[in-house]
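Q: What follows is run.txt, made up of compact mmCIF, C-alpha atoms and all ligand atoms:
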```
# COMPACT_ATOMS: atom_id res chain seq x y z
CA MET A 248 59.81 69.78 107.11
CA LYS A 249 62.54 71.88 105.49
CA GLU A 250 65.89 72.49 107.17
CA ARG A 251 65.15 76.19 107.72
CA ASP A 252 61.70 75.46 109.26
CA LEU A 253 63.32 72.99 111.62
CA ILE A 254 65.93 75.55 112.72
CA GLU A 255 63.21 78.22 113.08
CA GLN A 256 61.25 75.86 115.35
CA ILE A 257 64.31 75.44 117.58
CA ARG A 258 65.00 79.20 117.48
CA ARG A 259 61.49 80.00 118.72
CA LEU A 260 62.00 77.73 121.74
CA THR A 261 65.24 79.37 122.85
CA GLY A 262 65.31 81.87 125.72
CA SER A 263 65.26 85.63 125.43
CA GLY A 264 69.03 85.89 125.01
CA SER A 265 71.81 87.38 127.04
CA ALA A 266 73.28 90.86 127.35
CA ASP A 267 76.53 89.70 125.73
CA LEU A 268 74.86 87.98 122.78
CA LEU A 269 74.89 90.26 119.73
CA GLN A 270 73.70 87.60 117.24
CA GLY A 271 72.16 84.21 118.01
CA ILE A 272 70.64 81.63 115.64
CA GLY A 273 70.25 82.87 112.07
CA ASP A 274 73.64 84.06 110.83
CA ASP A 275 76.83 82.19 109.87
CA CYS A 276 78.16 82.51 113.44
CA ALA A 277 76.86 83.44 116.84
CA VAL A 278 78.43 86.77 117.87
CA ILE A 279 79.30 87.36 121.52
CA GLU A 280 80.76 90.52 123.02
CA LYS A 281 84.28 89.91 124.32
CA THR A 282 85.48 93.41 125.24
CA ALA A 283 84.05 96.86 124.51
CA GLU A 284 85.69 96.75 121.06
CA THR A 285 85.93 93.03 120.20
CA VAL A 286 83.65 90.03 119.70
CA GLN A 287 83.97 86.27 119.59
CA LEU A 288 82.41 84.36 116.68
CA LEU A 289 81.21 80.77 117.23
CA THR A 290 80.25 78.23 114.60
CA MET A 291 79.83 74.47 114.24
CA ASP A 292 79.48 72.24 111.16
CA THR A 293 79.26 68.47 110.78
CA LEU A 294 80.32 66.18 107.94
CA ILE A 295 78.63 62.76 107.90
CA GLU A 296 79.97 59.82 105.92
CA SER A 297 77.92 59.03 102.79
CA ILE A 298 76.01 62.31 103.12
CA HIS A 299 78.93 64.77 102.89
CA PHE A 300 81.83 62.51 101.97
CA ASP A 301 82.60 59.11 100.55
CA CYS A 302 85.84 57.50 101.76
CA SER A 303 86.20 55.57 98.51
CA TRP A 304 87.19 58.79 96.75
CA HIS A 305 87.95 61.25 99.57
CA PRO A 306 91.58 60.89 100.75
CA PRO A 307 91.67 61.18 104.58
CA LYS A 308 94.16 64.06 104.57
CA LYS A 309 91.93 66.14 102.30
CA LEU A 310 88.89 65.28 104.40
CA GLY A 311 90.71 66.54 107.51
CA ARG A 312 91.48 69.78 105.69
CA LYS A 313 87.88 70.07 104.49
CA VAL A 314 86.41 69.75 108.00
CA VAL A 315 88.49 72.79 108.97
CA ALA A 316 87.81 74.79 105.78
CA VAL A 317 84.00 74.46 105.90
CA ASN A 318 83.94 75.68 109.50
CA VAL A 319 86.50 78.44 109.08
CA SER A 320 84.45 79.60 106.08
CA ASP A 321 81.63 80.57 108.49
CA ILE A 322 84.09 82.69 110.49
CA ALA A 323 85.20 84.32 107.21
CA ALA A 324 81.53 84.87 106.36
CA MET A 325 81.35 87.48 109.16
CA GLY A 326 84.78 88.97 108.35
CA GLY A 327 86.59 87.34 111.29
CA GLN A 328 89.81 85.51 111.97
CA PRO A 329 89.65 81.91 113.33
CA VAL A 330 91.44 81.43 116.65
CA PHE A 331 90.47 78.11 118.32
CA ALA A 332 88.82 74.82 117.28
CA LEU A 333 87.21 71.82 119.05
CA LEU A 334 86.81 68.48 117.28
CA SER A 335 84.15 65.84 117.88
CA LEU A 336 85.12 62.57 116.25
CA GLY A 337 82.57 59.76 115.83
CA LEU A 338 84.24 56.62 114.44
CA PRO A 339 83.12 53.00 113.95
CA ALA A 340 84.71 50.57 116.47
CA ASP A 341 86.92 49.00 113.77
CA PHE A 342 88.34 52.31 112.52
CA ASP A 343 91.45 52.23 110.38
CA ASP A 344 94.64 53.61 112.02
CA GLN A 345 96.09 54.79 108.73
CA TRP A 346 92.91 56.63 107.83
CA LEU A 347 92.98 58.37 111.21
CA ALA A 348 96.65 59.34 110.82
CA GLY A 349 95.93 60.93 107.42
CA PHE A 350 92.79 62.68 108.65
CA SER A 351 94.58 64.07 111.73
CA ALA A 352 97.52 65.32 109.66
CA GLY A 353 95.13 67.12 107.28
CA LEU A 354 93.08 68.61 110.09
CA THR A 355 96.00 69.90 112.16
CA GLY A 356 97.81 71.17 109.04
CA ALA A 357 94.74 73.15 107.96
CA CYS A 358 94.30 74.54 111.49
CA ARG A 359 97.89 75.82 111.34
CA GLU A 360 97.30 77.30 107.86
CA TYR A 361 94.23 79.24 109.01
CA GLY A 362 95.92 80.28 112.27
CA CYS A 363 93.60 78.44 114.67
CA LEU A 364 94.58 76.07 117.46
CA LEU A 365 92.81 72.78 118.25
CA ILE A 366 92.10 73.07 121.98
CA GLY A 367 89.79 70.13 122.71
CA GLY A 368 86.93 67.96 121.55
CA ASP A 369 85.31 64.58 122.12
CA THR A 370 85.84 61.05 120.76
CA VAL A 371 82.99 58.54 120.53
CA CYS A 372 82.12 55.28 118.84
CA SER A 373 79.60 55.70 116.01
CA PRO A 374 77.61 52.57 114.95
CA ASP A 375 78.59 52.46 111.29
CA ARG A 376 79.46 55.83 109.76
CA ARG A 377 82.10 58.41 110.54
CA ALA A 378 80.70 61.71 111.92
CA LEU A 379 83.03 64.71 112.04
CA THR A 380 82.04 67.89 113.86
CA LEU A 381 84.18 70.95 114.37
CA THR A 382 83.46 74.03 116.44
CA VAL A 383 85.51 77.08 115.54
CA ILE A 384 85.89 80.23 117.59
CA GLY A 385 86.93 83.42 115.84
CA GLU A 386 87.59 87.00 116.79
CA MET A 387 87.21 90.43 115.27
CA LYS A 388 86.39 94.07 115.98
CA LYS A 389 82.77 94.56 116.99
CA GLU A 390 82.18 97.47 114.63
CA GLN A 391 83.44 95.49 111.62
CA VAL A 392 81.21 92.40 111.89
CA LEU A 393 79.38 91.75 108.60
CA TYR A 394 75.92 90.28 109.19
CA ARG A 395 73.48 88.79 106.70
CA HIS A 396 70.90 91.46 107.51
CA GLY A 397 72.58 94.60 106.13
CA ALA A 398 71.72 94.43 102.39
CA ARG A 399 69.93 97.48 100.93
CA PRO A 400 67.93 97.93 97.71
CA GLY A 401 70.26 99.17 94.98
CA ASP A 402 73.30 97.28 96.36
CA THR A 403 75.46 95.29 93.98
CA VAL A 404 75.69 91.55 94.76
CA TRP A 405 79.25 90.20 94.60
CA VAL A 406 80.78 86.72 94.80
CA SER A 407 84.44 85.97 95.44
CA GLY A 408 85.04 83.22 92.90
CA PRO A 409 83.73 80.65 90.46
CA LEU A 410 80.51 78.87 91.41
CA GLY A 411 79.41 75.28 90.90
CA LEU A 412 82.89 73.74 90.68
CA ALA A 413 82.55 71.51 93.74
CA ALA A 414 79.04 70.41 92.72
CA ALA A 415 80.28 69.46 89.26
CA GLY A 416 83.25 67.65 90.85
CA LEU A 417 80.93 65.66 93.10
CA ASP A 418 78.75 64.69 90.12
CA LEU A 419 81.89 63.51 88.33
CA PHE A 420 82.80 61.29 91.29
CA ARG A 421 79.25 59.97 91.45
CA SER A 422 79.21 59.20 87.73
CA GLY A 423 81.88 56.60 88.49
CA GLU A 424 84.02 57.91 85.62
CA MET A 425 87.44 59.36 86.38
CA PRO A 426 88.56 60.82 83.02
CA ASP A 427 92.17 61.95 82.88
CA ILE A 428 91.32 65.54 81.86
CA PRO A 429 92.94 68.39 83.89
CA GLU A 430 89.81 70.61 83.69
CA LEU A 431 87.75 67.86 85.31
CA GLN A 432 90.33 67.10 87.98
CA LEU A 433 90.20 70.76 89.05
CA LEU A 434 86.47 70.32 89.73
CA GLN A 435 87.02 67.14 91.73
CA GLU A 436 89.68 68.97 93.73
CA ALA A 437 87.17 71.77 94.48
CA HIS A 438 84.93 69.14 96.12
CA LEU A 439 87.77 67.37 97.98
CA ASP A 440 89.78 70.33 99.28
CA PRO A 441 87.89 73.65 99.45
CA HIS A 442 89.51 76.82 100.78
CA ALA A 443 87.96 79.38 103.12
CA ARG A 444 88.39 82.99 101.98
CA VAL A 445 89.68 84.37 105.29
CA GLY A 446 92.19 86.89 103.93
CA LEU A 447 89.65 88.48 101.60
CA ALA A 448 86.94 88.45 104.27
CA VAL A 449 89.14 90.33 106.74
CA LEU A 450 90.03 92.92 104.08
CA LEU A 451 86.36 93.41 103.21
CA ALA A 452 85.34 93.78 106.86
CA GLN A 453 88.11 96.29 107.50
CA SER A 454 87.18 98.29 104.39
CA GLY A 455 83.82 99.37 105.81
CA LEU A 456 82.41 99.15 102.25
CA VAL A 457 80.34 95.98 102.64
CA HIS A 458 76.70 96.05 103.81
CA ALA A 459 75.98 92.31 104.22
CA MET A 460 78.02 89.13 103.83
CA MET A 461 77.78 85.34 104.19
CA ASP A 462 79.58 82.33 102.76
CA LEU A 463 78.22 80.08 100.02
CA SER A 464 77.76 76.56 101.38
CA ASP A 465 74.28 75.54 100.18
CA GLY A 466 74.38 77.14 96.72
CA LEU A 467 73.77 80.71 95.55
CA ALA A 468 69.99 80.25 95.21
CA THR A 469 69.50 79.17 98.83
CA ASP A 470 72.21 81.27 100.47
CA LEU A 471 71.22 84.50 98.73
CA SER A 472 67.61 83.77 99.72
CA HIS A 473 68.74 83.63 103.38
CA LEU A 474 70.61 86.92 103.02
CA CYS A 475 67.59 88.55 101.34
CA GLU A 476 65.15 87.25 103.95
CA GLN A 477 67.33 88.54 106.79
CA SER A 478 67.68 91.92 105.06
CA ASN A 479 64.01 92.13 104.02
CA VAL A 480 64.88 92.61 100.35
CA GLY A 481 64.93 90.66 97.07
CA ALA A 482 67.72 90.06 94.53
CA ARG A 483 68.17 89.78 90.77
CA ILE A 484 71.05 87.68 89.46
CA MET A 485 72.34 87.84 85.88
CA ALA A 486 73.21 84.31 84.69
CA GLU A 487 75.74 85.63 82.17
CA ARG A 488 77.74 87.28 84.97
CA LEU A 489 78.15 84.17 87.11
CA PRO A 490 81.81 83.12 87.21
CA ASP A 491 83.23 80.95 85.72
CA TYR A 492 81.14 79.21 83.07
CA GLY A 493 84.31 78.22 81.15
CA LYS A 494 85.56 76.03 84.00
CA LEU A 495 82.36 73.97 83.84
CA THR A 496 81.95 73.40 80.11
CA ALA A 497 84.10 70.23 79.88
CA ALA A 498 82.15 68.63 82.75
CA ALA A 499 78.81 69.87 81.36
CA ASP A 500 79.61 68.22 78.01
CA PHE A 501 80.82 65.06 79.69
CA LEU A 502 77.81 64.68 82.01
CA GLN A 503 75.24 66.36 79.72
CA GLN A 504 74.28 68.87 82.41
CA ASP A 505 73.34 72.58 82.33
CA PRO A 506 76.25 74.40 84.07
CA ILE A 507 73.87 77.06 85.42
CA GLU A 508 72.26 74.37 87.60
CA TRP A 509 75.61 73.71 89.28
CA MET A 510 76.23 77.46 89.65
CA ILE A 511 72.95 78.30 91.36
CA SER A 512 71.95 75.07 93.12
CA GLY A 513 75.25 73.33 93.73
CA GLY A 514 76.58 73.65 97.25
CA GLU A 515 80.04 73.76 98.80
CA ASP A 516 81.51 76.69 96.90
CA TYR A 517 82.76 78.30 100.14
CA GLU A 518 83.12 81.59 98.30
CA LEU A 519 81.96 84.83 99.92
CA LEU A 520 78.65 86.41 98.92
CA PHE A 521 78.35 90.10 99.80
CA THR A 522 76.55 93.30 98.91
CA ALA A 523 77.80 96.88 98.67
CA ASP A 524 76.81 100.27 97.30
CA PRO A 525 77.44 100.33 93.50
CA ALA A 526 79.16 103.70 94.01
CA ASP A 527 81.89 101.80 95.91
CA SER A 528 82.56 99.19 93.19
CA LYS A 529 85.80 100.83 92.04
CA LYS A 530 87.08 101.09 95.61
CA LEU A 531 86.32 97.40 96.16
CA LEU A 532 88.07 96.34 92.97
CA LYS A 533 91.09 98.46 93.93
CA LEU A 534 91.11 96.95 97.42
CA ILE A 535 91.30 93.38 96.20
CA THR A 536 94.36 94.13 94.10
CA LEU A 537 96.10 94.06 97.53
CA CYS A 538 95.47 90.32 97.78
CA ASP A 539 95.40 87.24 95.59
CA TYR A 540 91.60 87.13 95.31
CA ALA A 541 89.04 88.21 92.71
CA ILE A 542 85.49 89.51 93.11
CA TYR A 543 82.66 89.44 90.58
CA PRO A 544 79.46 91.53 90.45
CA VAL A 545 76.62 89.10 89.68
CA GLY A 546 73.45 91.08 90.26
CA SER A 547 71.67 93.56 92.48
CA ILE A 548 69.50 93.86 95.55
CA VAL A 549 65.95 95.09 94.93
CA GLU A 550 62.90 96.01 97.01
CA GLY A 551 60.56 93.07 97.65
CA LYS A 552 61.20 89.39 98.19
CA GLY A 553 62.83 86.38 96.56
CA VAL A 554 65.76 85.72 94.26
CA THR A 555 65.26 85.99 90.49
CA LEU A 556 67.66 84.61 87.90
CA ILE A 557 67.75 86.48 84.59
CA ARG A 558 69.03 84.27 81.80
CA ASP A 559 68.66 86.65 78.87
CA PRO A 560 68.70 90.30 79.93
CA GLY A 561 67.56 91.43 76.47
CA GLU A 562 64.05 90.04 76.84
CA LYS A 563 61.42 89.89 79.57
CA GLY A 564 59.09 86.98 80.31
CA SER A 565 58.79 83.82 82.36
CA ASP A 566 61.30 81.90 80.23
CA HIS A 567 63.99 84.44 80.97
CA GLU A 568 63.19 85.36 84.55
CA GLN A 569 63.11 82.44 86.94
CA ASN A 570 62.36 82.52 90.67
CA ILE A 571 65.23 80.52 92.18
CA SER A 572 64.55 81.23 95.87
CA TYR A 573 65.81 78.40 98.10
CA GLN A 574 66.60 76.10 95.16
CA GLY A 575 69.91 74.99 96.63
CA TYR A 576 70.68 72.06 98.85
CA ASP A 577 68.35 71.27 101.78
CA HIS A 578 69.11 68.34 104.10
CA PHE A 579 65.43 67.54 104.67
CA THR A 580 63.85 68.20 101.27
CA VAL A 581 64.17 66.13 98.15
CA VAL A 582 63.11 68.11 95.12
CA GLY A 583 63.68 67.64 91.42
CA GLY A 584 66.86 68.36 89.47
CA ALA A 585 70.17 69.38 90.96
CA SER A 586 68.59 70.43 94.26
CA SER A 587 68.23 66.82 95.28
CA ARG A 588 72.00 66.47 95.19
CA THR A 589 73.53 65.82 98.58
CA PRO A 590 76.68 67.87 99.19
P1 LIG A 601 75.64 77.73 107.64
O1 LIG A 601 75.19 77.13 106.34
O2 LIG A 601 76.18 79.12 107.51
O3 LIG A 601 76.56 76.81 108.43
P2 LIG A 601 73.21 76.81 108.76
O4 LIG A 601 72.24 76.86 107.63
O5 LIG A 601 73.86 75.50 109.10
O6 LIG A 601 74.34 77.90 108.52
O7 LIG A 601 72.53 77.37 110.06
C1 LIG A 601 71.83 78.58 110.04
C2 LIG A 601 71.73 79.10 111.46
O8 LIG A 601 71.01 78.19 112.27
C3 LIG A 601 73.08 79.30 112.14
O9 LIG A 601 72.98 80.45 112.95
C4 LIG A 601 73.22 78.06 113.00
O10 LIG A 601 74.03 78.29 114.13
C5 LIG A 601 71.78 77.79 113.38
N1 LIG A 601 71.50 76.36 113.65
C6 LIG A 601 71.57 75.33 112.74
N2 LIG A 601 71.21 74.17 113.30
C7 LIG A 601 70.91 74.44 114.60
C8 LIG A 601 70.47 73.66 115.71
N3 LIG A 601 70.29 72.34 115.57
N4 LIG A 601 70.26 74.29 116.90
C9 LIG A 601 70.45 75.61 117.01
N5 LIG A 601 70.86 76.41 116.00
C10 LIG A 601 71.08 75.85 114.81
MG MG A 602 77.66 79.88 106.32
```
Now, as a test, write the supplied structure out as structure tokens.

A:
Amino acid sequence: MKERDLIEQIRRLTGSGSADLLQGIGDDCAVIEKTAETVQLLTMDTLIESIHFDCSWHPPKKLGRKVVAVNVSDIAAMGGQPVFALLSLGLPADFDDQWLAGFSAGLTGACREYGCLLIGGDTVCSPDRRALTLTVIGEMKKEQVLYRHGARPGDTVWVSGPLGLAAAGLDLFRSGEMPDIPELQLLQEAHLDPHARVGLAVLLAQSGLVHAMMDLSDGLATDLSHLCEQSNVGARIMAERLPDYGKLTAAADFLQQDPIEWMISGGEDYELLFTADPADSKKLLKLITLCDYAIYPVGSIVEGKGVTLIRDPGEKGSDHEQNISYQGYDHFTVVGGASSRTP
């Protein structure tokens, strides 16, 4: 069974909801009414040792930061600001004090950076592997929440930064080679210490220009498929527009890999994926000059279903147009190529 079928099975068994619940299972966060004008956003993500991280190359401080970033990214995905966090820590009985000190310093430092306060959690013994779960609570104005379901045919699809860096970095770690090349170290750093795009997300939500948004955690192919399914539309992505091919070429040469695979199927980018009316493109580009971020148009929303990758826009045909729907990471499916990569 695929991860999304499993979640759908659970969703079908849940009750009929509550008057305060504006969004339940199916978006980056649950959305709950707080006051007439504001909502709370709730999200939870888990990192499991040897699935999501390997302590032989992941420094504990960076892992602590990453647990926060991947959760805060889901708050950013709706346009919100993180406020509180709860940590569940599963550690083997013989855990290492120094590892815990580094992890805790990273986690609390990142919480401070993102402006959220650790207010509780749980600590348990885990038989052999570390299991790290964070719940983050965010807040924002009700009318500004950006859901996955708002994309419209004709919209431009935007991403907030280079894709595939973390996936390439992970493959470099897994190759067992640690070449002393700055371009490759940048990719490894993208895997070890990702950043959630909170500042940009808040700006986009406040702008009123964005129709649908989510964060990229499972790769563009899978995440855009979720957004399209929720919005009842399809999407066409232009390979040549995906940022930033140049950052991947050294790793692609070194590992003999097609960089496009990392860009579409590699997970853990934690960039924002959003759609907006093409008539508002200039306004969006002007808006982001107010902050330190960049945004890149990578394709468009179309009527229909599925996500298509166009590799050579000059010519039509099956070699150039590839259905990439749900070709990113799935916890419960092992398929060929880069999709089998665990994040
Ligand atoms: P994301 O990648 O943004 O963290 P997920 O793919 O993990 O989102 O989850 C998709 C949706 O399914 C979210 O709304 C999440 O809260 C919900 N979900 C995931 N796992 C479960 C579960 N075991 N029980 C209930 N809801 C779940
Ligand atoms: Mg998400």

Q: Around the point (85.6, 89.4, 119.1), in the coordinates given by the file, pick out the residues reaching within 8 Å, counting all atoms listed in the file, and return them as a list in words.

A: Val278, Ile279, Glu280, Lys281, Thr282, Glu284, Thr285, Val286, Gln287, Leu288, Gly385, Glu386, Met387, Lys388 and Lys389 of chain A

Q: Counting all atoms listed in the file, which protein, DNA or RNA residues come within 9 Å of ligand MG 602 (chain A), given as a ChimeraX atom specification?

A: /A:274-276,290,317-318,320-325,461-465,470,517

Q: Would you mind telling me which residue in A:Trp304, A:Phe331, A:Thr380, A:Leu289 lies nearest to Leu268 of chain A when using all atoms listed in the file?

A: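 Among the listed residues, A:Leu289 lies closest to Leu268 of chain A.
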
Q: Which one of A:Leu495, A:Leu450, A:Ala459, A:Cys372 sits closest to Leu537 of chain A if you count only C-alpha atoms?

A: A:Leu450

Q: Mind pulling up the distance from atom CA of Ile295 of chain A to atom CA of Leu439 of chain A?

A: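 Rounded to one decimal, the two atoms are 14.3 Å apart.
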
Q: Counting all atoms listed in the file, which of A:Pro329, A:Gly455, A:Gly273, A:Gly262 gets nearest to ligand LIG 601 (chain A)?

A: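 Selected residue with least distance to ligand LIG 601 (chain A): A:Gly273.
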
Q: Looking at A:Asp341, A:Glu515, A:Asp418, A:Glu430, which one is nearest to ligand LIG 601 (chain A), with distances taken over all atoms listed in the file?

A: A:Glu515

Q: Skipping near chain neighbours, those fewer than 2 positions away, what residues fall within 8 Å of Leu447 of chain A using all atoms listed in the file, listed as a PyMOL selection string?

A: chain A and resi 444-445+449-451+535+538+540

Q: For C-alpha atoms, I'd like the residues from the last selection saved as a PDB file, keeping the file's coordinate frame.

A:
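The resulting file, selection.pdb, is reproduced below:
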```pdb
ATOM      1  CA  ARG A 444      88.390  82.990 101.980  1.00  0.00           C
ATOM      2  CA  VAL A 445      89.680  84.370 105.290  1.00  0.00           C
ATOM      3  CA  VAL A 449      89.140  90.330 106.740  1.00  0.00           C
ATOM      4  CA  LEU A 450      90.030  92.920 104.080  1.00  0.00           C
ATOM      5  CA  LEU A 451      86.360  93.410 103.210  1.00  0.00           C
ATOM      6  CA  ILE A 535      91.300  93.380  96.200  1.00  0.00           C
ATOM      7  CA  CYS A 538      95.470  90.320  97.780  1.00  0.00           C
ATOM      8  CA  TYR A 540      91.600  87.130  95.310  1.00  0.00           C
TER       9      TYR A 540
END
```

Q: Gln345 of chain A: which residues within 10 Å, counting only C-alpha atoms, same-chain residues fewer than 5 positions away excluded, as an NGL selection string?

A: :A and (307 or 350-351)

Q: Could you give me, as JSON, numbers by chain, the residues within 10 Å of Tyr492 of chain A, counting all atoms listed in the file and dropping anything in the same chain fewer than 3 positions from it?

A: {"A": [409, 410, 411, 412, 486, 487, 488, 489, 495, 496, 497, 499, 506, 507, 509, 510]}
